[in-house]
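Novice: What follows is data20.cif; its format and atoms are mmCIF, C-alpha atoms.
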```cif
data_my_file
loop_
_atom_site.group_PDB
_atom_site.id
_atom_site.type_symbol
_atom_site.label_atom_id
_atom_site.label_comp_id
_atom_site.auth_asym_id
_atom_site.auth_seq_id
_atom_site.Cartn_x
_atom_site.Cartn_y
_atom_site.Cartn_z
ATOM 1 C CA GLU A 1 77.961 -8.469 47.412
ATOM 2 C CA GLU A 2 81.764 -8.199 47.433
ATOM 3 C CA LYS A 3 82.145 -11.762 46.175
ATOM 4 C CA THR A 4 79.603 -11.113 43.424
ATOM 5 C CA ILE A 5 81.408 -7.980 42.267
ATOM 6 C CA GLU A 6 84.702 -9.862 42.316
ATOM 7 C CA ILE A 7 83.233 -12.553 40.033
ATOM 8 C CA PHE A 8 81.862 -9.905 37.676
ATOM 9 C CA ARG A 9 85.253 -8.168 37.691
ATOM 10 C CA LYS A 10 87.007 -11.386 36.619
ATOM 11 C CA ILE A 11 84.479 -11.974 33.849
ATOM 12 C CA TYR A 12 84.872 -8.364 32.672
ATOM 13 C CA ARG A 13 88.670 -8.671 32.654
ATOM 14 C CA TYR A 14 88.456 -11.940 30.738
ATOM 15 C CA ASN A 15 86.108 -10.465 28.109
ATOM 16 C CA THR A 16 87.741 -7.053 27.662
ATOM 17 C CA GLY A 17 91.286 -7.410 28.990
ATOM 18 C CA SER A 18 90.753 -4.337 31.181
ATOM 19 C CA ARG A 19 90.928 -4.307 34.976
ATOM 20 C CA ASP A 20 88.879 -1.101 35.309
ATOM 21 C CA TYR A 21 85.501 -2.643 36.074
ATOM 22 C CA PRO A 22 83.033 0.277 36.279
ATOM 23 C CA VAL A 23 80.647 -1.308 38.828
ATOM 24 C CA TYR A 24 81.359 -0.857 42.550
ATOM 25 C CA LYS A 25 77.998 -1.557 44.142
ATOM 26 C CA ILE A 26 75.020 -3.804 43.369
ATOM 27 C CA LYS A 27 71.503 -2.599 44.033
ATOM 28 C CA PRO A 28 69.506 -5.306 45.817
ATOM 29 C CA ASN A 29 66.263 -6.565 44.311
ATOM 30 C CA GLU A 30 63.832 -5.178 46.868
ATOM 31 C CA GLU A 31 60.861 -6.902 45.265
ATOM 32 C CA PHE A 32 62.531 -10.309 45.550
ATOM 33 C CA GLU A 33 63.777 -9.698 49.097
ATOM 34 C CA GLU A 34 60.323 -8.653 50.226
ATOM 35 C CA SER A 35 58.622 -11.627 48.619
ATOM 36 C CA ARG A 36 61.232 -14.042 49.922
ATOM 37 C CA GLY A 37 60.876 -12.677 53.410
ATOM 38 C CA LYS A 38 57.154 -13.282 53.366
ATOM 39 C CA LYS A 39 57.646 -16.602 51.563
ATOM 40 C CA ASN A 40 55.064 -15.507 49.024
ATOM 41 C CA VAL A 41 56.631 -16.812 45.832
ATOM 42 C CA LEU A 42 53.284 -17.119 44.078
ATOM 43 C CA ARG A 43 52.579 -13.443 44.669
ATOM 44 C CA MET A 44 55.952 -12.509 43.224
ATOM 45 C CA MET A 45 55.236 -14.594 40.096
ATOM 46 C CA ILE A 46 51.860 -12.899 39.633
ATOM 47 C CA ASP A 47 53.377 -9.429 40.079
ATOM 48 C CA GLN A 48 56.151 -10.144 37.574
ATOM 49 C CA THR A 49 53.681 -11.568 35.045
ATOM 50 C CA LEU A 50 51.441 -8.516 35.338
ATOM 51 C CA SER A 51 54.464 -6.244 35.060
ATOM 52 C CA LEU A 52 55.611 -8.100 31.940
ATOM 53 C CA VAL A 53 52.213 -7.860 30.269
ATOM 54 C CA ARG A 54 51.714 -4.198 31.185
ATOM 55 C CA GLU A 55 55.171 -2.940 30.203
ATOM 56 C CA TYR A 56 55.930 -5.147 27.182
ATOM 57 C CA PRO A 57 52.578 -6.290 25.721
ATOM 58 C CA ARG A 58 53.711 -6.073 22.105
ATOM 59 C CA SER A 59 56.995 -7.895 22.605
ATOM 60 C CA ILE A 60 55.657 -10.805 24.645
ATOM 61 C CA THR A 61 52.666 -11.246 22.313
ATOM 62 C CA ILE A 62 54.798 -11.370 19.155
ATOM 63 C CA ILE A 63 57.457 -13.650 20.633
ATOM 64 C CA SER A 64 54.884 -16.069 22.092
ATOM 65 C CA THR A 65 52.964 -16.171 18.812
ATOM 66 C CA LEU A 66 56.135 -16.887 16.845
ATOM 67 C CA GLN A 67 57.155 -19.667 19.219
ATOM 68 C CA PHE A 68 53.663 -21.132 18.867
ATOM 69 C CA GLY A 69 53.993 -21.089 15.072
ATOM 70 C CA ILE A 70 57.479 -22.640 15.034
ATOM 71 C CA TYR A 71 56.548 -25.507 17.341
ATOM 72 C CA PHE A 72 53.162 -25.937 15.637
ATOM 73 C CA VAL A 73 54.928 -26.955 12.420
ATOM 74 C CA CYS A 74 58.313 -28.391 13.363
ATOM 75 C CA ASN A 75 57.015 -30.548 16.245
ATOM 76 C CA GLY A 76 53.424 -31.073 15.121
ATOM 77 C CA MET A 77 54.345 -32.253 11.611
ATOM 78 C CA LEU A 78 57.386 -34.155 12.870
ATOM 79 C CA ILE A 79 55.137 -36.696 14.611
ATOM 80 C CA PHE A 80 53.908 -38.056 11.267
ATOM 81 C CA PHE A 81 57.213 -37.629 9.425
ATOM 82 C CA PRO A 82 58.454 -41.275 9.635
ATOM 83 C CA ASP A 83 55.039 -42.790 8.874
ATOM 84 C CA ILE A 84 54.379 -40.621 5.800
ATOM 85 C CA LEU A 85 57.835 -41.299 4.370
ATOM 86 C CA ASN A 86 57.435 -45.000 5.098
ATOM 87 C CA GLN A 87 54.121 -45.017 3.229
ATOM 88 C CA THR A 88 55.761 -43.169 0.339
ATOM 89 C CA ALA A 89 58.592 -45.705 0.079
ATOM 90 C CA LYS A 90 56.178 -48.657 0.125
ATOM 91 C CA TYR A 91 53.975 -47.050 -2.523
ATOM 92 C CA LEU A 92 56.912 -46.426 -4.867
ATOM 93 C CA GLU A 93 58.079 -49.985 -4.336
ATOM 94 C CA ASN A 94 54.726 -51.586 -5.174
ATOM 95 C CA SER A 95 53.310 -49.171 -7.748
ATOM 96 C CA ALA A 96 54.324 -48.520 -11.330
ATOM 97 C CA ASP A 97 52.945 -44.969 -11.227
ATOM 98 C CA GLN A 98 55.797 -42.734 -10.069
ATOM 99 C CA ASN A 99 54.031 -39.443 -10.830
ATOM 100 C CA VAL A 100 51.748 -39.039 -7.853
ATOM 101 C CA GLU A 101 51.257 -36.404 -5.202
ATOM 102 C CA LEU A 102 52.288 -37.057 -1.620
ATOM 103 C CA CYS A 103 48.755 -36.573 -0.321
ATOM 104 C CA GLU A 104 47.443 -39.163 -2.771
ATOM 105 C CA ILE A 105 49.848 -41.670 -1.268
ATOM 106 C CA VAL A 106 48.754 -40.772 2.259
ATOM 107 C CA GLU A 107 45.064 -41.002 1.383
ATOM 108 C CA SER A 108 45.616 -44.317 -0.379
ATOM 109 C CA ALA A 109 47.440 -45.720 2.654
ATOM 110 C CA ILE A 110 44.617 -44.574 4.955
ATOM 111 C CA LYS A 111 41.999 -46.259 2.752
ATOM 112 C CA ASN A 112 43.979 -49.510 2.704
ATOM 113 C CA ARG A 113 44.370 -49.342 6.460
ATOM 114 C CA LYS A 114 40.657 -48.851 7.002
ATOM 115 C CA PHE A 115 39.851 -51.671 4.564
ATOM 116 C CA LYS A 116 42.154 -54.092 6.393
ATOM 117 C CA GLN A 117 40.694 -52.950 9.686
ATOM 118 C CA SER A 118 37.189 -53.754 8.445
ATOM 119 C CA LEU A 119 38.414 -57.290 7.675
ATOM 120 C CA GLY A 120 39.829 -57.644 11.167
ATOM 121 C CA HIS A 121 43.479 -57.733 10.098
ATOM 122 C CA ASP A 122 46.351 -56.494 12.244
ATOM 123 C CA MET A 123 46.875 -52.745 11.728
ATOM 124 C CA CYS A 124 50.381 -52.347 13.153
ATOM 125 C CA SER A 125 53.251 -52.009 10.694
ATOM 126 C CA GLU A 126 56.370 -53.608 12.121
ATOM 127 C CA SER A 127 58.706 -52.529 9.334
ATOM 128 C CA LEU A 128 60.187 -49.139 8.521
ATOM 129 C CA ASP A 129 61.784 -48.528 5.162
ATOM 130 C CA LEU A 130 65.451 -47.534 5.166
ATOM 131 C CA SER A 131 64.629 -44.368 3.247
ATOM 132 C CA ALA A 132 62.778 -43.078 6.325
ATOM 133 C CA TYR A 133 66.038 -43.298 8.297
ATOM 134 C CA TYR A 134 67.831 -41.507 5.472
ATOM 135 C CA TYR A 135 65.405 -38.576 5.526
ATOM 136 C CA ALA A 136 65.507 -38.456 9.327
ATOM 137 C CA LEU A 137 69.300 -38.232 9.263
ATOM 138 C CA LEU A 138 69.079 -35.636 6.515
ATOM 139 C CA LEU A 139 66.760 -33.557 8.672
ATOM 140 C CA GLU A 140 69.121 -33.752 11.640
ATOM 141 C CA GLY A 141 72.016 -32.819 9.359
ATOM 142 C CA CYS A 142 70.094 -29.769 8.157
ATOM 143 C CA TYR A 143 69.595 -28.731 11.776
ATOM 144 C CA VAL A 144 73.289 -29.099 12.599
ATOM 145 C CA VAL A 145 74.387 -27.135 9.544
ATOM 146 C CA GLY A 146 71.613 -24.599 10.114
ATOM 147 C CA PHE A 147 72.622 -23.900 13.707
ATOM 148 C CA ILE A 148 76.258 -23.466 12.685
ATOM 149 C CA LEU A 149 75.424 -21.122 9.811
ATOM 150 C CA VAL A 150 73.057 -19.065 11.948
ATOM 151 C CA SER A 151 75.708 -18.588 14.636
ATOM 152 C CA LEU A 152 78.286 -17.563 12.022
ATOM 153 C CA LEU A 153 76.082 -15.234 9.950
ATOM 154 C CA VAL A 154 73.800 -13.610 12.508
ATOM 155 C CA ASN A 155 76.174 -10.718 13.252
ATOM 156 C CA TYR A 156 76.821 -10.059 9.562
ATOM 157 C CA ILE A 157 73.401 -10.219 7.918
ATOM 158 C CA GLY A 158 71.175 -9.710 10.967
ATOM 159 C CA ARG A 159 68.447 -11.772 12.568
ATOM 160 C CA LEU A 160 65.635 -10.452 10.388
ATOM 161 C CA ALA A 161 67.294 -11.735 7.221
ATOM 162 C CA ILE A 162 67.751 -15.194 8.733
ATOM 163 C CA PHE A 163 64.181 -15.302 10.005
ATOM 164 C CA SER A 164 62.869 -14.223 6.603
ATOM 165 C CA VAL A 165 64.866 -16.774 4.602
ATOM 166 C CA ILE A 166 63.947 -19.703 6.837
ATOM 167 C CA PHE A 167 60.299 -18.808 7.453
ATOM 168 C CA PHE A 168 59.448 -17.948 3.849
ATOM 169 C CA SER A 169 61.404 -20.807 2.258
ATOM 170 C CA THR A 170 60.005 -23.451 4.608
ATOM 171 C CA GLY A 171 56.517 -21.975 4.329
ATOM 172 C CA LEU A 172 56.737 -22.132 0.549
ATOM 173 C CA CYS A 173 57.566 -25.831 0.828
ATOM 174 C CA GLY A 174 54.273 -26.411 2.623
ATOM 175 C CA PHE A 175 52.389 -25.115 -0.405
ATOM 176 C CA LEU A 176 54.601 -26.829 -2.994
ATOM 177 C CA ILE A 177 54.151 -30.277 -1.433
ATOM 178 C CA VAL A 178 50.476 -30.172 -2.380
ATOM 179 C CA PHE A 179 51.152 -29.543 -6.082
ATOM 180 C CA VAL A 180 54.362 -31.493 -6.783
ATOM 181 C CA SER A 181 53.689 -34.829 -8.486
ATOM 182 C CA ASN A 182 57.057 -36.384 -7.696
ATOM 183 C CA PRO A 183 57.150 -38.223 -4.331
ATOM 184 C CA LEU A 184 60.923 -37.924 -4.006
ATOM 185 C CA ILE A 185 60.826 -34.156 -4.446
ATOM 186 C CA SER A 186 57.888 -33.984 -2.037
ATOM 187 C CA ALA A 187 59.927 -35.878 0.562
ATOM 188 C CA TYR A 188 62.766 -33.354 0.328
ATOM 189 C CA LEU A 189 60.259 -30.508 0.546
ATOM 190 C CA TYR A 190 58.817 -32.149 3.656
ATOM 191 C CA VAL A 191 62.302 -32.262 5.183
ATOM 192 C CA TRP A 192 62.871 -28.577 4.498
ATOM 193 C CA LEU A 193 59.429 -27.730 5.903
ATOM 194 C CA LEU A 194 60.558 -29.108 9.262
ATOM 195 C CA VAL A 195 63.807 -27.115 9.163
ATOM 196 C CA CYS A 196 61.774 -24.123 10.398
ATOM 197 C CA GLY A 197 62.773 -25.286 13.890
ATOM 198 C CA VAL A 198 66.226 -23.767 13.299
ATOM 199 C CA ASN A 199 64.608 -20.424 14.072
ATOM 200 C CA ASN A 200 63.818 -21.552 17.600
ATOM 201 C CA ASN A 201 67.238 -20.877 19.112
ATOM 202 C CA LEU A 202 67.528 -17.553 17.316
ATOM 203 C CA MET A 203 64.109 -16.597 18.659
ATOM 204 C CA ASN A 204 65.384 -17.328 22.174
ATOM 205 C CA THR A 205 68.205 -14.826 21.690
ATOM 206 C CA VAL A 206 65.660 -12.227 20.565
ATOM 207 C CA THR A 207 63.658 -12.888 23.730
ATOM 208 C CA TYR A 208 66.827 -12.484 25.773
ATOM 209 C CA ASP A 209 67.498 -9.042 24.262
ATOM 210 C CA LEU A 210 63.956 -7.678 24.405
ATOM 211 C CA PHE A 211 63.362 -7.885 28.148
ATOM 212 C CA PRO A 212 65.205 -6.595 31.233
ATOM 213 C CA THR A 213 67.011 -8.987 33.532
ATOM 214 C CA ASN A 214 64.258 -9.204 36.159
ATOM 215 C CA LEU A 215 61.668 -10.225 33.535
ATOM 216 C CA ARG A 216 63.855 -12.141 31.116
ATOM 217 C CA SER A 217 63.453 -15.632 32.552
ATOM 218 C CA LEU A 218 59.702 -15.173 32.911
ATOM 219 C CA ALA A 219 59.374 -13.978 29.313
ATOM 220 C CA MET A 220 61.419 -16.957 28.139
ATOM 221 C CA SER A 221 59.244 -19.341 30.140
ATOM 222 C CA ILE A 222 55.974 -17.891 28.827
ATOM 223 C CA SER A 223 57.128 -17.891 25.198
ATOM 224 C CA LEU A 224 58.398 -21.466 25.400
ATOM 225 C CA MET A 225 55.195 -22.528 27.138
ATOM 226 C CA CYS A 226 53.290 -21.126 24.149
ATOM 227 C CA GLY A 227 55.671 -23.043 21.906
ATOM 228 C CA ARG A 228 54.994 -26.320 23.713
ATOM 229 C CA PHE A 229 51.282 -25.622 23.474
ATOM 230 C CA GLY A 230 51.752 -25.047 19.744
ATOM 231 C CA ALA A 231 53.395 -28.473 19.440
ATOM 232 C CA LEU A 232 50.428 -30.046 21.219
ATOM 233 C CA VAL A 233 47.899 -28.255 19.007
ATOM 234 C CA GLY A 234 49.926 -28.911 15.851
ATOM 235 C CA GLY A 235 50.146 -32.643 16.449
ATOM 236 C CA ASN A 236 46.417 -32.979 17.067
ATOM 237 C CA VAL A 237 45.420 -30.744 14.153
ATOM 238 C CA ALA A 238 47.755 -32.565 11.755
ATOM 239 C CA GLY A 239 46.461 -35.943 12.914
ATOM 240 C CA PHE A 240 42.866 -34.851 12.365
ATOM 241 C CA LEU A 241 43.422 -33.217 8.964
ATOM 242 C CA LEU A 242 45.581 -36.003 7.520
ATOM 243 C CA GLU A 243 42.678 -38.406 7.883
ATOM 244 C CA SER A 244 40.218 -36.278 5.927
ATOM 245 C CA HIS A 245 41.967 -33.378 4.144
ATOM 246 C CA CYS A 246 45.642 -34.193 3.722
ATOM 247 C CA TRP A 247 46.377 -31.221 1.473
ATOM 248 C CA SER A 248 45.057 -28.761 4.084
ATOM 249 C CA THR A 249 47.623 -30.043 6.612
ATOM 250 C CA PHE A 250 50.558 -28.866 4.517
ATOM 251 C CA VAL A 251 48.813 -25.702 3.326
ATOM 252 C CA LEU A 252 48.057 -24.770 6.932
ATOM 253 C CA SER A 253 51.689 -25.390 7.900
ATOM 254 C CA GLY A 254 52.887 -23.208 5.040
ATOM 255 C CA PHE A 255 50.418 -20.471 5.951
ATOM 256 C CA VAL A 256 51.522 -20.492 9.606
ATOM 257 C CA LEU A 257 55.188 -20.159 8.606
ATOM 258 C CA ILE A 258 54.552 -17.385 6.069
ATOM 259 C CA LEU A 259 52.507 -15.524 8.670
ATOM 260 C CA SER A 260 55.321 -16.005 11.195
ATOM 261 C CA GLY A 261 57.807 -14.605 8.686
ATOM 262 C CA ILE A 262 55.681 -11.495 8.232
ATOM 263 C CA LEU A 263 55.282 -11.148 11.996
ATOM 264 C CA THR A 264 59.065 -11.040 12.515
ATOM 265 C CA PHE A 265 59.133 -7.608 10.835
ATOM 266 C CA PHE A 266 57.184 -6.246 13.817
ATOM 267 C CA ILE A 267 59.629 -7.462 16.494
ATOM 268 C CA PRO A 268 61.023 -4.393 18.322
ATOM 269 C CA ASN A 269 64.656 -3.600 17.451
ATOM 270 C CA ILE A 270 64.865 -6.594 15.119
ATOM 271 C CA LEU A 271 67.275 -4.728 12.819
ATOM 272 C CA LYS A 272 69.708 -4.051 15.652
ATOM 273 C CA ARG A 273 72.944 -6.033 15.372
ATOM 274 C CA LYS A 274 75.365 -6.846 18.133
#
```
Show me this structure written as structure tokens.

Specialist:
Amino acid sequence: EEKTIEIFRKIYRYNTGSRDYPVYKIKPNEEFEESRGKKNVLRMMIDQTLSLVREYPRSITIISTLQFGIYFVCNGMLIFFPDILNQTAKYLENSADQNVELCEIVESAIKNRKFKQSLGHDMCSESLDLSAYYYALLLEGCYVVGFILVSLLVNYIGRLAIFSVIFFSTGLCGFLIVFVSNPLISAYLYVWLLVCGVNNNLMNTVTYDLFPTNLRSLAMSISLMCGRFGALVGGNVAGFLLESHCWSTFVLSGFVLILSGILTFFIPNILKRK
């Protein structure tokens, strides 16, 4: 205990410049000591989970749902990102019609693939157009710039404003992709659709602030587990819909992000700034 307080005192002095650390004693975690003594870790996990759900049902439900929505789009749609852009580049290279919707290109590529498959031809594409690498690098650049801007602006404009801008703008891209008849513009809209993942780290900080220390790691684990599940569901749903109803894939992604943006207004203490 004395060593722990001494470490906290050094951290406090480093952060504030003051040597008057107000904590002189640490209360032991009786629940953890009891569970550790009985070596019943599973029971402790169950008790903490029940305590989390009973005391913070609204917070954990909203955060988990938002993580599900973020991963559903940014990871689920990312799986098909290189292939769709590669198909777009090949179509523009071989076709004189430059005014075509992105989903028409995808559907055309699927039909050609099925036709070649019926003839017994090899289905694997061994080449990837350079433009696909360009858009991939552009996406990563957007993430880098996005993370930097979020860290710089979060204390000035608040987390709700950042959530709203990213969720609503990326969600709007999901709808616009269906109606835009310029493949190049559609590709950029696709890139911005995937930028919704920038909200992930900011959502983690919200989770950190919403729950007490003894439940914080559990809440983070549950919310991220829901996010990973969203990535799994998103990838399978996108793969299924692209084959039959391409337009619904992007509309669904846009709807999920718009709904997530609305849901952020119901996060407890979301307007509070540090």

Novice: Can you work out which one of A:Leu66, A:Leu172, A:Leu232, A:Met203 has the shortest atom-to-atom distance to Phe255 (chain A), counting all atoms listed in the file?

Specialist: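 Of the candidates, the smallest distance to Phe255 (chain A) is held by A:Leu172.
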
Novice: Taking all atoms of region 223-226 of chain A that the file lists, what box with edges along x, y and z, padded by 5 Å per side, do you get, with centre and edge lengths in Å to one decimal, as AutoDock Vina command-line options?

Specialist:
```
--center_x 55.8 --center_y -20.2 --center_z 25.6 --size_x 15.1 --size_y 14.6 --size_z 13.0
```

Novice: Please write the residues picked by the PyMOL selection byres ((chain A and resi 180-193) around 7) on this file as a list of chain:residue names.

Specialist: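 On this input, the PyMOL selection byres ((chain A and resi 180-193) around 7) captures A:Leu85, A:Thr88, A:Gln98, A:Asn99, A:Val100, A:Glu101, A:Leu102, A:Leu139, A:Thr170, A:Gly171, A:Cys173, A:Gly174, A:Leu176, A:Ile177, A:Val178, A:Phe179, A:Leu194, A:Val195, A:Cys196.
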
Novice: Run the PyMOL selection byres ((chain A and resi 228) around 10) on the file and write out the hits as a ChimeraX atom specification.

Specialist: /A:67-68,70-72,75-76,222-227,229-234

Novice: Which residues come within 6 Å of Val251 (chain A), counting all atoms listed in the file, excluding same-chain residues fewer than 2 positions away, as a CSV table (one decimal) with C-alpha atoms, keeping the file's coordinate frame?

Specialist:
```csv
chain,number,residue,atom,x,y,z
A,174,GLY,CA,54.3,-26.4,2.6
A,175,PHE,CA,52.4,-25.1,-0.4
A,248,SER,CA,45.1,-28.8,4.1
A,249,THR,CA,47.6,-30.0,6.6
A,253,SER,CA,51.7,-25.4,7.9
A,254,GLY,CA,52.9,-23.2,5.0
```

Novice: Please write as JSON, numbers by chain the full residue list that the PyMOL selection byres ((chain A and resi 202) around 10) yields on this file.

Specialist: {"A": [147, 150, 151, 154, 159, 162, 163, 197, 198, 199, 200, 201, 203, 204, 205, 206, 207, 208]}

Novice: How about saving the chosen residues, C-alpha atoms kept, as a compact mmCIF listing (two decimals), keeping the file's coordinate frame?

Specialist:
```txt
# COMPACT_ATOMS: atom_id res chain seq x y z
CA PHE A 147 72.62 -23.90 13.71
CA VAL A 150 73.06 -19.07 11.95
CA SER A 151 75.71 -18.59 14.64
CA VAL A 154 73.80 -13.61 12.51
CA ARG A 159 68.45 -11.77 12.57
CA ILE A 162 67.75 -15.19 8.73
CA PHE A 163 64.18 -15.30 10.01
CA GLY A 197 62.77 -25.29 13.89
CA VAL A 198 66.23 -23.77 13.30
CA ASN A 199 64.61 -20.42 14.07
CA ASN A 200 63.82 -21.55 17.60
CA ASN A 201 67.24 -20.88 19.11
CA MET A 203 64.11 -16.60 18.66
CA ASN A 204 65.38 -17.33 22.17
CA THR A 205 68.20 -14.83 21.69
CA VAL A 206 65.66 -12.23 20.56
CA THR A 207 63.66 -12.89 23.73
CA TYR A 208 66.83 -12.48 25.77
```

Novice: Would you please work out which residue, of A:Cys246, A:Val256, A:Ala219, A:Asn269, is nearest to Tyr56 (chain A) when using only C-alpha atoms?

Specialist: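 Once distances to Tyr56 (chain A) are computed over only C-alpha atoms, the minimum belongs to A:Ala219.
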
Novice: Which one is closest to Phe168 (chain A): A:Cys103, A:Met220, A:Ile262, A:Ala89? Count only C-alpha atoms.

Specialist: A:Ile262

Novice: One decimal, Å: what's the distance from CA of Ala161 (chain A) over to CA of Leu252 (chain A), could you say?

Specialist: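 Separation of CA of Ala161 (chain A) and CA of Leu252 (chain A): 23.2 Å.
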
Novice: Which is closer to Asn214 (chain A) than all the others in A:Leu52, A:Glu6, A:Val144, A:Tyr12, using all atoms listed in the file?

Specialist: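 So, comparing all the options, the nearest one is A:Leu52.
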
Novice: Restricting the calculation to all atoms listed in the file: of A:Leu210, A:Val145, A:Met77, A:Met44, which residue gets closest to Phe240 (chain A)?

Specialist: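 Result for the nearest residue to Phe240 (chain A): A:Met77.
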
Novice: Rounded to one decimal in Å, what is the spacing between CA of Asp129 (chain A) and CA of Gly141 (chain A)?

Specialist: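 It comes out at 19.2 Å.
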
Novice: Find the distance between CA of Lys272 (chain A) and CA of Arg13 (chain A) and write it in Å to one decimal.

Specialist: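 Calculated distance between CA of Lys272 (chain A) and CA of Arg13 (chain A) is 25.9 Å.
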
Novice: Out of A:Leu138, A:Ile105, A:Leu215, A:Leu130, which residue has the shortest atom-to-atom distance to Ile46 (chain A) when counting only C-alpha atoms?

Specialist: A:Leu215
